[in-house]
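Undergrad: One file: work-v1.txt (compact mmCIF, C-alpha atoms and all ligand atoms).
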```
# COMPACT_ATOMS: atom_id res chain seq x y z
CA MET A 1 115.39 14.96 81.93
CA LYS A 2 117.56 17.39 83.91
CA ARG A 3 120.47 18.26 81.60
CA LEU A 4 123.66 16.48 82.51
CA ASP A 5 126.25 19.19 83.03
CA VAL A 6 129.49 17.19 83.02
CA HIS A 7 131.61 20.17 84.03
CA ALA A 8 129.42 20.89 87.08
CA LEU A 9 129.32 17.19 87.90
CA VAL A 10 133.11 16.88 87.92
CA SER A 11 133.56 20.08 89.90
CA ASP A 12 131.03 18.85 92.49
CA GLY A 13 132.89 15.53 92.46
CA VAL A 14 136.17 17.27 93.24
CA LYS A 15 134.60 19.19 96.12
CA GLY A 16 133.05 15.91 97.34
CA ALA A 17 136.46 14.23 97.13
CA LEU A 18 137.97 16.83 99.43
CA ILE A 19 135.18 16.42 101.91
CA GLY A 20 135.57 12.65 101.50
CA ILE A 21 139.06 12.96 103.01
CA GLY A 22 137.42 14.43 106.08
CA ILE A 23 134.95 11.58 106.33
CA SER A 24 137.71 9.07 105.77
CA ALA A 25 139.83 10.64 108.51
CA VAL A 26 136.94 10.39 110.98
CA PHE A 27 136.51 6.73 110.07
CA MET A 28 140.18 5.99 110.52
CA LEU A 29 140.26 7.69 113.88
CA ILE A 30 137.27 5.70 115.07
CA SER A 31 138.30 2.33 113.66
CA ILE A 32 142.12 2.20 113.97
CA GLY A 33 143.07 5.39 115.80
CA PHE A 34 145.53 8.03 114.60
CA PRO A 35 147.29 6.79 111.42
CA THR A 36 150.94 6.29 112.23
CA SER A 37 152.38 4.74 109.09
CA VAL A 38 152.81 6.45 105.71
CA LEU A 39 150.76 3.66 104.17
CA ASN A 40 147.86 4.49 106.44
CA TRP A 41 148.05 8.15 105.44
CA ILE A 42 148.11 7.25 101.74
CA PHE A 43 145.17 4.94 102.32
CA LEU A 44 143.25 7.63 104.21
CA ILE A 45 143.74 10.24 101.52
CA GLY A 46 143.21 7.88 98.59
CA PHE A 47 140.12 6.33 100.10
CA GLY A 48 138.70 9.74 101.00
CA LEU A 49 139.32 11.22 97.57
CA GLY A 50 137.94 8.21 95.72
CA ILE A 51 134.90 7.65 97.83
CA GLY A 52 134.06 11.38 98.06
CA PHE A 53 134.26 11.74 94.29
CA LEU A 54 132.33 8.58 93.57
CA LEU A 55 129.64 9.41 96.11
CA THR A 56 129.03 12.90 94.82
CA VAL A 57 128.93 11.84 91.19
CA GLY A 58 126.88 8.73 92.02
CA ASN A 59 124.35 10.76 93.99
CA GLU A 60 124.00 13.30 91.25
CA LEU A 61 123.48 10.64 88.58
CA VAL A 62 120.97 8.69 90.67
CA GLY A 63 119.20 12.00 91.41
CA ILE A 64 118.95 12.78 87.71
CA VAL A 65 117.50 9.36 86.90
CA ILE A 66 114.99 9.48 89.76
CA GLN A 67 113.89 13.00 88.89
CA TYR A 68 113.31 11.80 85.35
CA PHE A 69 110.76 9.29 86.58
CA PHE A 70 109.35 11.53 89.33
CA PRO A 71 109.61 15.08 87.94
CA VAL A 72 107.70 16.43 90.93
CA LEU A 73 110.80 15.80 93.06
CA LYS A 74 112.69 18.47 91.08
CA LYS A 75 111.28 21.18 93.30
CA TRP A 76 112.27 19.37 96.46
CA ARG A 77 115.91 20.30 96.83
CA LEU A 78 116.35 18.32 100.03
CA PHE A 79 115.40 15.21 98.11
CA ASN A 80 118.90 14.85 96.65
CA CYS A 81 120.34 15.10 100.10
CA PHE A 82 118.13 12.39 101.60
CA LEU A 83 118.87 10.26 98.59
CA THR A 84 122.51 10.41 99.58
CA PHE A 85 121.91 8.18 102.59
CA PRO A 86 120.74 5.00 100.79
CA VAL A 87 123.11 5.55 97.86
CA SER A 88 126.14 5.96 100.12
CA THR A 89 125.14 3.10 102.39
CA VAL A 90 124.86 0.71 99.44
CA LEU A 91 128.08 1.98 97.86
CA PHE A 92 130.04 1.68 101.08
CA TYR A 93 128.59 -1.74 101.79
CA LEU A 94 129.72 -2.95 98.36
CA ILE A 95 133.23 -1.56 98.89
CA PHE A 96 133.50 -3.12 102.35
CA SER A 97 132.27 -6.44 100.98
CA LEU A 98 134.80 -6.29 98.17
CA PHE A 99 137.94 -5.24 100.07
CA TYR A 100 137.19 -6.05 103.71
CA CYS A 101 135.23 -9.24 103.33
CA TRP A 102 136.62 -10.55 106.64
CA ILE A 103 134.65 -7.89 108.58
CA PRO A 104 131.38 -9.43 109.82
CA PHE A 105 128.15 -8.49 108.00
CA ARG A 106 126.68 -6.44 110.89
CA GLU A 107 129.79 -4.33 111.27
CA ARG A 108 130.01 -3.73 107.56
CA LEU A 109 126.40 -2.56 107.62
CA THR A 110 127.04 -0.28 110.61
CA TYR A 111 130.08 1.30 108.95
CA SER A 112 128.12 1.75 105.73
CA MET A 113 125.24 3.43 107.50
CA GLY A 114 127.69 5.67 109.34
CA ALA A 115 129.21 6.61 106.00
CA GLY A 116 125.68 7.25 104.74
CA ILE A 117 125.01 9.69 107.56
CA ALA A 118 128.35 11.43 106.97
CA SER A 119 127.59 11.72 103.27
CA THR A 120 124.15 13.16 103.99
CA MET A 121 125.87 15.81 106.07
CA VAL A 122 128.10 16.55 103.10
CA GLY A 123 124.98 16.76 100.93
CA LEU A 124 123.44 19.23 103.37
CA PHE A 125 126.59 21.29 103.14
CA PHE A 126 126.25 21.40 99.36
CA ILE A 127 122.62 22.48 99.59
CA TYR A 128 123.57 25.22 102.03
CA ALA A 129 126.40 26.37 99.74
CA GLN A 130 124.13 26.35 96.70
CA GLU A 131 121.45 28.29 98.52
CA LYS A 132 123.99 30.85 99.61
CA GLU A 133 125.15 31.24 96.02
CA GLU A 134 121.54 31.59 94.88
CA ARG A 135 120.90 34.21 97.55
CA ILE A 136 123.92 36.22 96.47
CA ARG A 137 122.78 35.99 92.84
CA LEU A 138 119.28 37.19 93.79
CA GLU A 139 120.70 40.05 95.81
CA GLN A 140 122.79 41.15 92.84
CA GLU A 141 119.75 40.89 90.59
CA ASN A 142 117.69 42.97 93.02
CA ARG A 143 120.38 45.62 93.12
CA ARG A 144 120.43 45.74 89.31
CA LEU A 145 116.65 46.16 89.22
CA ALA A 146 116.76 48.89 91.85
CA VAL A 147 119.28 50.81 89.74
CA LEU A 148 117.06 50.44 86.68
CA GLU A 149 114.03 51.64 88.62
CA GLU A 150 115.96 54.62 89.91
CA ARG A 151 117.05 55.54 86.40
CA HIS A 152 113.46 55.31 85.27
CA ARG A 153 112.34 57.53 88.13
CA ILE A 154 115.00 60.12 87.36
CA ALA A 155 113.99 60.13 83.69
CA ARG A 156 110.41 60.79 84.79
CA GLU A 157 111.44 63.53 87.21
CA LEU A 158 113.51 65.17 84.48
CA HIS A 159 110.57 65.03 82.11
CA ASP A 160 108.21 66.47 84.70
CA SER A 161 110.40 69.28 85.94
CA VAL A 162 113.19 70.28 83.62
CA SER A 163 111.81 69.39 80.19
CA GLN A 164 108.43 70.93 80.99
CA ASN A 165 110.15 74.23 81.72
CA LEU A 166 112.42 73.94 78.70
CA PHE A 167 109.33 73.45 76.59
CA GLY A 168 107.86 76.67 78.01
CA ILE A 169 111.11 78.50 77.32
CA SER A 170 111.16 77.34 73.70
CA LEU A 171 107.56 78.54 73.25
CA HIS A 172 108.58 81.97 74.47
CA LEU A 173 111.60 82.05 72.18
CA ASN A 174 109.37 81.27 69.20
CA THR A 175 107.48 84.54 69.66
CA PHE A 176 110.54 86.65 70.46
CA GLU A 177 111.39 87.95 67.03
CA TYR A 178 107.81 88.95 66.36
CA LEU A 179 107.30 90.62 69.76
CA ARG A 180 110.59 92.52 69.65
CA LYS A 181 109.49 94.37 66.52
CA GLN A 182 105.74 94.65 67.08
CA ASN A 183 105.31 95.03 70.82
CA PRO A 184 108.39 96.05 72.82
CA GLU A 185 106.43 96.12 76.08
CA ALA A 186 105.25 92.50 75.68
CA PHE A 187 108.78 91.61 74.60
CA ARG A 188 110.24 92.93 77.85
CA LYS A 189 107.60 91.04 79.82
CA SER A 190 108.42 87.88 77.93
CA VAL A 191 112.14 88.31 78.64
CA ARG A 192 111.32 88.71 82.33
CA GLN A 193 109.21 85.56 82.31
CA LEU A 194 111.95 83.71 80.49
CA ARG A 195 114.45 84.69 83.14
CA GLU A 196 112.09 83.43 85.84
CA MET A 197 111.66 80.14 84.02
CA VAL A 198 115.38 79.66 83.59
CA THR A 199 115.93 80.37 87.29
CA GLU A 200 113.14 77.96 88.18
CA THR A 201 114.64 75.28 85.95
CA GLN A 202 118.00 75.73 87.58
CA VAL A 203 116.42 75.41 91.01
CA GLU A 204 114.41 72.35 89.93
CA MET A 205 117.55 70.77 88.60
CA GLY A 206 119.33 71.43 91.87
CA LEU A 207 116.42 70.04 93.85
CA LEU A 208 116.23 66.98 91.67
CA VAL A 209 119.80 66.26 92.53
CA TYR A 210 119.03 66.64 96.23
CA GLU A 211 115.79 64.68 95.98
CA LEU A 212 113.66 67.50 97.29
CA ARG A 213 110.15 68.65 96.56
CA PRO A 214 109.23 71.21 93.88
CA VAL A 215 110.39 74.60 95.04
CA VAL A 216 106.92 76.16 95.16
CA MET A 217 105.64 73.47 97.54
CA GLU A 218 107.43 75.15 100.40
CA LYS A 219 104.56 77.66 100.50
CA GLY A 220 101.88 75.04 101.04
CA PHE A 221 100.16 72.62 98.73
CA TYR A 222 97.06 74.60 97.70
CA GLU A 223 99.08 77.74 97.28
CA ALA A 224 101.54 75.85 95.11
CA LEU A 225 98.70 74.61 92.90
CA GLU A 226 97.26 78.12 92.80
CA SER A 227 100.54 79.66 91.72
CA LEU A 228 101.04 76.90 89.15
CA SER A 229 97.64 77.77 87.68
CA GLY A 230 98.54 81.46 87.84
CA LEU A 231 101.68 80.76 85.85
CA TYR A 232 99.72 79.06 83.09
CA ARG A 233 97.13 81.82 83.09
CA ALA A 234 99.79 84.44 82.60
CA ARG A 235 102.03 82.57 80.21
CA TYR A 236 99.52 80.95 77.94
CA ARG A 237 96.43 83.12 78.33
CA LEU A 238 94.37 80.21 79.55
CA SER A 239 91.32 80.85 81.65
CA ILE A 240 91.89 78.56 84.61
CA THR A 241 89.48 78.26 87.53
CA THR A 242 90.53 76.49 90.70
CA CYS A 243 88.49 75.01 93.51
CA PHE A 244 90.10 73.30 96.49
CA LYS A 245 88.23 71.63 99.34
CA GLY A 246 89.44 69.81 102.43
CA ASN A 247 92.49 70.15 104.62
CA GLU A 248 95.73 70.01 102.63
CA GLU A 249 97.59 68.94 105.74
CA ASN A 250 95.91 65.55 105.54
CA LEU A 251 98.15 64.80 102.56
CA LYS A 252 101.60 63.34 103.06
CA GLY A 253 104.56 65.12 101.42
CA GLY A 254 105.06 62.40 98.80
CA VAL A 255 101.40 62.51 97.80
CA GLN A 256 101.50 66.29 97.49
CA THR A 257 104.54 66.14 95.21
CA ALA A 258 102.95 63.47 93.02
CA LEU A 259 99.66 65.38 92.69
CA TYR A 260 101.53 68.61 91.95
CA ARG A 261 103.47 66.88 89.19
CA VAL A 262 100.32 65.33 87.74
CA THR A 263 98.63 68.76 87.63
CA GLN A 264 101.71 70.24 86.02
CA GLU A 265 101.80 67.54 83.34
CA ALA A 266 98.05 67.84 82.67
CA LEU A 267 98.35 71.64 82.27
CA ASN A 268 101.36 71.22 80.01
CA ASN A 269 99.45 68.77 77.85
CA ILE A 270 96.65 71.30 77.62
CA VAL A 271 99.08 73.96 76.40
CA LYS A 272 100.85 71.56 74.07
CA HIS A 273 97.97 69.62 72.57
CA ALA A 274 94.49 70.77 73.57
CA LYS A 275 93.99 74.22 72.03
CA ALA A 276 91.70 74.89 74.97
CA ARG A 277 90.34 78.15 76.37
CA PHE A 278 88.82 77.10 79.65
CA VAL A 279 90.39 74.87 82.22
CA GLN A 280 89.16 73.72 85.63
CA VAL A 281 91.48 72.46 88.35
CA GLU A 282 89.52 70.96 91.24
CA MET A 283 90.58 69.07 94.28
CA GLU A 284 88.92 67.58 97.30
CA ILE A 285 90.85 66.02 100.15
CA GLY A 286 89.10 63.75 102.65
CA PRO A 287 89.97 63.45 106.35
CA GLN A 288 92.04 60.29 105.77
CA GLY A 289 94.17 61.97 103.10
CA ASN A 290 92.23 60.30 100.30
CA GLY A 291 90.44 62.32 97.66
CA ILE A 292 90.08 63.37 94.09
CA LEU A 293 91.89 65.73 91.72
CA LEU A 294 90.38 66.78 88.45
CA ILE A 295 91.82 68.78 85.55
CA ARG A 296 89.33 69.45 82.79
CA ASP A 297 89.79 71.35 79.51
CA ASP A 298 87.47 72.30 76.67
CA GLY A 299 90.04 71.62 73.97
CA GLN A 300 90.13 69.36 70.93
CA GLY A 301 90.45 66.09 72.85
CA PHE A 302 92.28 63.05 71.53
CA ASP A 303 91.91 59.44 70.64
CA LYS A 304 93.37 57.27 73.41
CA GLU A 305 94.04 54.40 70.98
CA GLU A 306 96.12 56.70 68.79
CA SER A 307 98.06 58.25 71.65
CA SER A 308 98.86 54.85 73.19
CA ARG A 309 100.79 54.02 70.01
CA LYS A 310 103.12 56.98 70.56
CA ILE A 311 106.02 56.68 72.97
CA CYS A 312 105.17 59.45 75.44
CA TYR A 313 106.45 59.86 78.93
CA GLY A 314 103.83 62.27 80.22
CA LEU A 315 100.64 60.24 80.65
CA ARG A 316 102.60 57.11 81.48
CA GLY A 317 104.60 58.90 84.17
CA MET A 318 101.37 60.36 85.55
CA LYS A 319 99.84 56.89 85.90
CA GLU A 320 102.97 55.45 87.45
CA ARG A 321 103.24 58.22 90.00
CA VAL A 322 99.65 57.78 91.07
CA SER A 323 99.75 54.00 91.16
CA GLU A 324 102.72 54.29 93.52
CA LEU A 325 100.28 56.02 95.90
CA ASN A 326 97.80 53.17 95.37
CA GLY A 327 95.67 55.62 93.46
CA GLU A 328 94.26 55.63 89.96
CA VAL A 329 94.21 58.01 86.99
CA LYS A 330 91.25 58.08 84.62
CA ILE A 331 91.56 59.99 81.35
CA ASN A 332 88.38 60.81 79.60
CA SER A 333 88.72 62.47 76.23
CA VAL A 334 86.25 63.05 73.46
CA LYS A 335 87.45 64.47 70.13
CA GLY A 336 86.24 68.03 69.79
CA LYS A 337 84.86 68.08 73.34
CA GLY A 338 87.90 68.26 75.58
CA THR A 339 89.74 66.12 78.06
CA THR A 340 89.31 65.36 81.76
CA VAL A 341 92.08 63.89 83.84
CA THR A 342 90.74 62.51 87.12
CA VAL A 343 93.00 61.25 89.86
CA PHE A 344 91.62 59.13 92.69
CA PHE A 345 94.04 58.90 95.58
N1 LIG B 401 94.61 67.64 77.24
C1 LIG B 401 94.90 67.05 76.07
N2 LIG B 401 94.28 67.45 74.93
C2 LIG B 401 94.54 66.87 73.75
N3 LIG B 401 95.43 65.86 73.60
C3 LIG B 401 96.09 65.42 74.66
C4 LIG B 401 95.86 65.98 75.97
N4 LIG B 401 96.64 65.31 76.85
C5 LIG B 401 97.30 64.39 76.13
N5 LIG B 401 96.99 64.45 74.82
C6 LIG B 401 97.47 63.54 73.76
O1 LIG B 401 98.06 62.41 74.38
C7 LIG B 401 99.39 62.24 73.92
C8 LIG B 401 100.28 61.71 75.02
O2 LIG B 401 100.53 62.71 76.00
P1 LIG B 401 101.84 62.62 76.87
O3 LIG B 401 101.97 61.21 77.34
O4 LIG B 401 101.75 63.68 77.90
O5 LIG B 401 103.02 62.89 75.88
P2 LIG B 401 103.57 64.25 75.25
O6 LIG B 401 102.87 65.38 75.94
O7 LIG B 401 105.02 64.21 75.53
O8 LIG B 401 103.22 64.16 73.79
C9 LIG B 401 99.80 63.59 73.40
O9 LIG B 401 100.77 63.49 72.38
C10 LIG B 401 98.50 64.14 72.86
O10 LIG B 401 98.24 63.67 71.56
MG MG B 402 102.82 65.51 77.96
```
Just give me the structure as structure tokens.
Ligand SMILES: Nc1ncnc2c1ncn2[C@@H]1O[C@H](COP(=O)(O)OP(=O)(O)O)[C@@H](O)[C@H]1O
Ligand SMILES: [Mg+2]
TA:
Amino acid sequence: MKRLDVHALVSDGVKGALIGIGISAVFMLISIGFPTSVLNWIFLIGFGLGIGFLLTVGNELVGIVIQYFFPVLKKWRLFNCFLTFPVSTVLFYLIFSLFYCWIPFRERLTYSMGAGIASTMVGLFFIYAQEKEERIRLEQENRRLAVLEERHRIARELHDSVSQNLFGISLHLNTFEYLRKQNPEAFRKSVRQLREMVTETQVEMGLLVYELRPVVMEKGFYEALESLSGLYRARYRLSITTCFKGNEENLKGGVQTALYRVTQEALNNIVKHAKARFVQVEMEIGPQGNGILLIRDDGQGFDKEESSRKICYGLRGMKERVSELNGEVKINSVKGKGTTVTVFF
């Protein structure tokens, strides 16, 4: 049975009582004209308050009982409102019969039905008010969810741009001490690369704030992928081959950014986890902007079951990005035989 919330019932009753004064005033005006005596005013207000309160509470209680026997009616919010008509008619008829027994039966019935209609209107008002409240609540909920989603997206962007670069910087720093003593030339080169990475991170950070695309994308999509691969070749001594087919201009900006980020994450995973020597980055774009991106390494591979137990942002973010484009990521990894990340978009 619908829980009886006494507090809500009384508060609805009070609202109903106030509206009851309105109904009562209309009745007075129709039946005896503008109330001139103080007594009439007291009667108008008292009658309105009482009947409004009683009607609202009565309707609610009858609604609860009926919904108990016919639970299907719970979903039908207008039901309570239509119920108001018979309940009010009967209630008014009883009151008229009790206090105004000299009024003929037909008139009593007409007044009661009129009161029923007025009460139904009040009921409709309540439904409208409730729906408005519900709508406001839903809007607030939606706003809260949108904020959460945005935070999630920013976390992913930070992972994909800034933390990837910070990871590269820390790798460089690890070899510094050794290089400085053993190979001053390589040391200088490493310092230069570090500077570039720091500048790039700063730019990425700035762009993230302004919601722009990765800085290298300004040159064109394939060129951006090529220079990304070049970076990994130089920094991590990976042998990376690239092969791009199809017109890059068929891809929308958002798709380009997502695919760039996916490639970046896949290459970072290769550096971080794969211990690979050879990497292939291949891409084919169809005339409708659909296509396939593939990043394959010959590294140590991994067990997907094991990795799904870890809390990692990389692969998850990759999948989310691609599913936002209505695409799909397939990760194929065999221990000892390498990993292939395939993106269908
Ligand atoms: N190319 C790869 N070669 C070997 N292992 C990989 C490769 N890509 C991903 N992994 C494994 O999958 C896990 C999850 O990757 P990811 O979600 O990117 O998180 P993270 O790189 O932060 O650890 C990694 O910890 C690693 O064990
Ligand atoms: Mg990763």
Undergrad: Could you work out how far CA of Gly50 in chain A lies from CA of Asn80 in chain A, giving the answer in Å with one decimal?
TA: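 CA of Gly50 in chain A lies at a distance of 20.2 Å from CA of Asn80 in chain A.
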Undergrad: Could you please extract the residues within 9 Å of ligand MG 402 (chain B), counting all atoms listed in the file, and hand them back as a JSON list (two decimals) with C-alpha atoms, keeping the file's coordinate frame?
TA:
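The resulting file, result-v9.json, is shown below:
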```
[["chain", "number", "residue", "atom", "x", "y", "z"],
["A", 159, "HIS", "CA", 110.57, 65.03, 82.11],
["A", 160, "ASP", "CA", 108.21, 66.47, 84.70],
["A", 164, "GLN", "CA", 108.43, 70.93, 80.99],
["A", 265, "GLU", "CA", 101.80, 67.54, 83.34],
["A", 266, "ALA", "CA", 98.05, 67.84, 82.67],
["A", 267, "LEU", "CA", 98.35, 71.64, 82.27],
["A", 268, "ASN", "CA", 101.36, 71.22, 80.01],
["A", 269, "ASN", "CA", 99.45, 68.77, 77.85],
["A", 270, "ILE", "CA", 96.65, 71.30, 77.62],
["A", 272, "LYS", "CA", 100.85, 71.56, 74.07],
["A", 273, "HIS", "CA", 97.97, 69.62, 72.57],
["A", 312, "CYS", "CA", 105.17, 59.45, 75.44],
["A", 313, "TYR", "CA", 106.45, 59.86, 78.93],
["A", 314, "GLY", "CA", 103.83, 62.27, 80.22],
["A", 315, "LEU", "CA", 100.64, 60.24, 80.65]]
```
Undergrad: Have a look at A:Val90, A:Ala129, A:Ile295, A:Leu39 and name the one nearest to ligand LIG 401 (chain B); count all atoms listed in the file.
TA: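 The answer is A:Ile295, which sits nearest to ligand LIG 401 (chain B).
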Undergrad: May I ask for the distance between CA of Gln300 in chain A and CA of Tyr178 in chain A, given in Å to one decimal place?
TA: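 Pair CA of Gln300 in chain A / CA of Tyr178 in chain A returns 26.8 Å.
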Undergrad: So which residues touch Val10 in chain A within 10 Å, counting only C-alpha atoms, skipping near sequence neighbours fewer than 6 positions away, as a list in words?
TA: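 Once the nearby chain positions are removed, what remains is Gly16, Phe53, Thr56 and Val57 of chain A.
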Undergrad: Hey, which of A:Phe345, A:Phe167, A:Trp102, A:Phe43 ends up closest to ligand LIG 401 (chain B)? Count all atoms listed in the file.
TA: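 Closest to ligand LIG 401 (chain B) of all the choices is A:Phe167.
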Undergrad: Measuring between only C-alpha atoms and all ligand atoms, which one of A:Glu328, A:Glu139, A:Glu107, A:Glu320 shows the shortest distance to ligand LIG 401 (chain B)?
TA: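 The shortest atom-to-atom distance to ligand LIG 401 (chain B) comes from A:Glu320.
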Undergrad: Counting all atoms listed in the file, figure out which residue out of A:Glu218, A:Leu124, A:Ala234, A:Glu284 gets nearest to Lys189 in chain A.
TA: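 Once distances to Lys189 in chain A are computed over all atoms listed in the file, the minimum belongs to A:Ala234.
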Undergrad: Report as a short mmCIF file (atom, residue, chain, number, x, y, z; two decimals) with C-alpha atoms, in the frame of the given file all protein, DNA and RNA residues lying within 9 Å of Cys243 in chain A, evaluated on only C-alpha atoms, omitting residues in the same chain fewer than 3 positions from it.
TA:
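Output file result.cif follows:
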```cif
data_model
loop_
_atom_site.label_atom_id
_atom_site.label_comp_id
_atom_site.auth_asym_id
_atom_site.auth_seq_id
_atom_site.Cartn_x
_atom_site.Cartn_y
_atom_site.Cartn_z
CA GLN A 280 89.16 73.72 85.63
CA VAL A 281 91.48 72.46 88.35
CA GLU A 282 89.52 70.96 91.24
CA MET A 283 90.58 69.07 94.28
CA GLU A 284 88.92 67.58 97.30
#
```
Undergrad: Between CA of Ala25 in chain A and CA of Leu44 in chain A, what is the distance, to one decimal in Å?
TA: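 About the pair CA of Ala25 in chain A and CA of Leu44 in chain A: they are 6.3 Å apart.
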Undergrad: Please check which residues have atoms at most 12 Å from (106.1, 57.4, 91.9) in the file's coordinates, counting all atoms listed in the file, and write them as a list in words.
TA: Glu149, Glu150, His152, Arg153, Ile154, Ala155, Arg156, Glu157, Asp160, Gly254, Val255, Gln256, Thr257, Ala258, Leu259, Arg261, Val262, Arg316, Gly317, Met318, Lys319, Glu320, Arg321, Val322, Ser323, Glu324, Leu325, Asn326 and Gly327 of chain A
Undergrad: Closest to ligand LIG 401 (chain B) among A:Leu173, A:Val271, A:Ala118, A:Ile285, using all atoms listed in the file?
TA: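 Smallest distance to ligand LIG 401 (chain B) is found for A:Val271.
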